[in-house]
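Okay, so here's the structure we're looking at.
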Amino acid sequence: MPSSLALSKQFSALVGALLLAIILWQVRNGSRPGCARNDVLTKFTPEQVQSYKHAGIIRTGVLFNEEEMIKIRAGLDERIAVATRGGKVRSEDLLNLHFNDSWLLELASHPRVLDAVSQLLGSNEIRIFTTRILSKPARSGYAVPWHQDSNYWPLDPLHVSSLWLAVDDVDAENGGMQTLNFSAVPQARTENLPVEQTSAEGGAHFDLNIRRDAIAPYEDKAETLAMQQGEASFHDAWLPHTSPPNLSDRRRCAWIVRYTPASTKLVPGKRMLFGDGYEMIRVR
């Protein structure tokens, strides 16, 4: 008759084999271990909110499920095709289309997103500052240099949280975003790192890049945000981030929305893109 120790080992081996089978099934079916693809974010815990304030960034896990993402991707693909027809506008530069597109405004106003960003901003009164479709085509998407959004935004106070939704699967190969959290670069929490202006102000283009000598000491601490379609992150306006060119055979598309509390005001005259009459739409 088997001893209790032998039975315990057999039971442990059986449980281990069962867990391995579940993990393999989840991977084959597009799920990550412990996270069903249709289990979406409901709300952040207090610990997660504190983590965001400390690091300047937080990942949501699944923000939109597979069925929702089919519709979202189709809608964004349609708008990319229309906006880039004729080749005059790149698919990386589709800024603020929500002003004339009710579907995009509705997407930016999704209650699940507003619930999450309200927690991070500490306010139930929310405005949209900007939206952007940033789609890097396969084998041609350009790099986004190291920068802080805070350099570009004439806001008082500068209290912004940016949604970055993965419309495609994203990894290092197809130009995934790289970030340096505030633990890696503490001084970035409240100040802009030294920059060089690479061109005249150009609307959606990046012309205030962090200087190489200012960012190089920290680059080995950068993290690439690999995400599956439907997953997302929120990041602070001061967070240093970059992304390499997309040299893969896969597109890399993101839907980006910048949110502020309703109490945040636009300071006119500091940046051409945000001139007199620029509207920050109240969505909550």
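Naming scheme: A, B, ... for chains in displayed order of the structure tokens; residues 1 onward per chain; ligands 1 onward as shown.
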
Fill in: Test item: residues at most 8 Å from Tyr152 of chain A, only C-alpha atoms, excluding those fewer than 3 positions along its chain, as a ChimeraX atom specification
/A:148-149,208,271

Item to complete: Determine which residues of segment 116-224 of chain A DSSP labels as strand (DSSP E) from the backbone of this structure, then write them out as a ChimeraX atom specification.
Response: /A:126-136,144-147,155-156,161-166,178-179,195-197,208-210,223-224

Discussion item. Under the rule that only C-alpha atoms are counted, which of A:Leu105, A:Met69, A:Val195, A:Leu266 is the nearest residue to Arg212 of chain A?
Written reply: A:Val195

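Atom pair atom CA of Val82 of chain A / atom CA of Leu94 of chain A has a distance of 10.8 Å (rounded to one decimal).
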
Counting only C-alpha atoms, what is within 7 Å of Val62 of chain A, bar same-chain residues fewer than 6 positions away, as a PDB file with N, CA and C atoms, in the first residue's frame?
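Full text of part28.pdb as output:
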ATOM      1  N   ARG A  37      -9.154  36.314 -21.545  1.00  0.00           N
ATOM      2  CA  ARG A  37      -9.133  37.430 -22.473  1.00  0.00           C
ATOM      3  C   ARG A  37     -10.394  38.279 -22.390  1.00  0.00           C
ATOM      4  N   ASP A  39     -11.966  38.912 -19.424  1.00  0.00           N
ATOM      5  CA  ASP A  39     -12.048  39.492 -18.086  1.00  0.00           C
ATOM      6  C   ASP A  39     -11.451  40.890 -18.135  1.00  0.00           C
ATOM      7  N   VAL A  40     -12.298  41.906 -18.262  1.00  0.00           N
ATOM      8  CA  VAL A  40     -11.815  43.266 -18.442  1.00  0.00           C
ATOM      9  C   VAL A  40     -11.636  43.970 -17.110  1.00  0.00           C
ATOM     10  N   LEU A  41     -10.842  45.046 -17.147  1.00  0.00           N
ATOM     11  CA  LEU A  41     -10.636  45.878 -15.965  1.00  0.00           C
ATOM     12  C   LEU A  41     -11.963  46.457 -15.484  1.00  0.00           C
ATOM     13  N   GLY A 230      -6.112  44.938 -27.068  1.00  0.00           N
ATOM     14  CA  GLY A 230      -7.128  45.130 -26.036  1.00  0.00           C
ATOM     15  C   GLY A 230      -6.576  45.468 -24.679  1.00  0.00           C
ATOM     16  N   GLU A 231      -5.268  45.276 -24.479  1.00  0.00           N
ATOM     17  CA  GLU A 231      -4.628  45.688 -23.238  1.00  0.00           C
ATOM     18  C   GLU A 231      -4.197  47.145 -23.357  1.00  0.00           C
ATOM     19  N   ALA A 232      -3.920  47.778 -22.228  1.00  0.00           N
ATOM     20  CA  ALA A 232      -3.646  49.214 -22.258  1.00  0.00           C
ATOM     21  C   ALA A 232      -2.758  49.610 -21.088  1.00  0.00           C
TER      22      ALA A 232
END

Worksheet item: With only C-alpha atoms as the basis for distance, which of A:Ala262, A:Ala222, A:Val113, A:Ile80 is at the shortest distance from Glu125 of chain A?
Response: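 Residue with the minimum atom-to-atom distance to Glu125 of chain A: A:Ala262.
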
Fill in: Distance of atom CA of Ala172 of chain A from atom CA of Ala184 of chain A, expressed in Å to one decimal place
19.8 Å

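The coordinates place atom CA of Tyr259 of chain A at 18.5 Å from atom CA of His147 of chain A.
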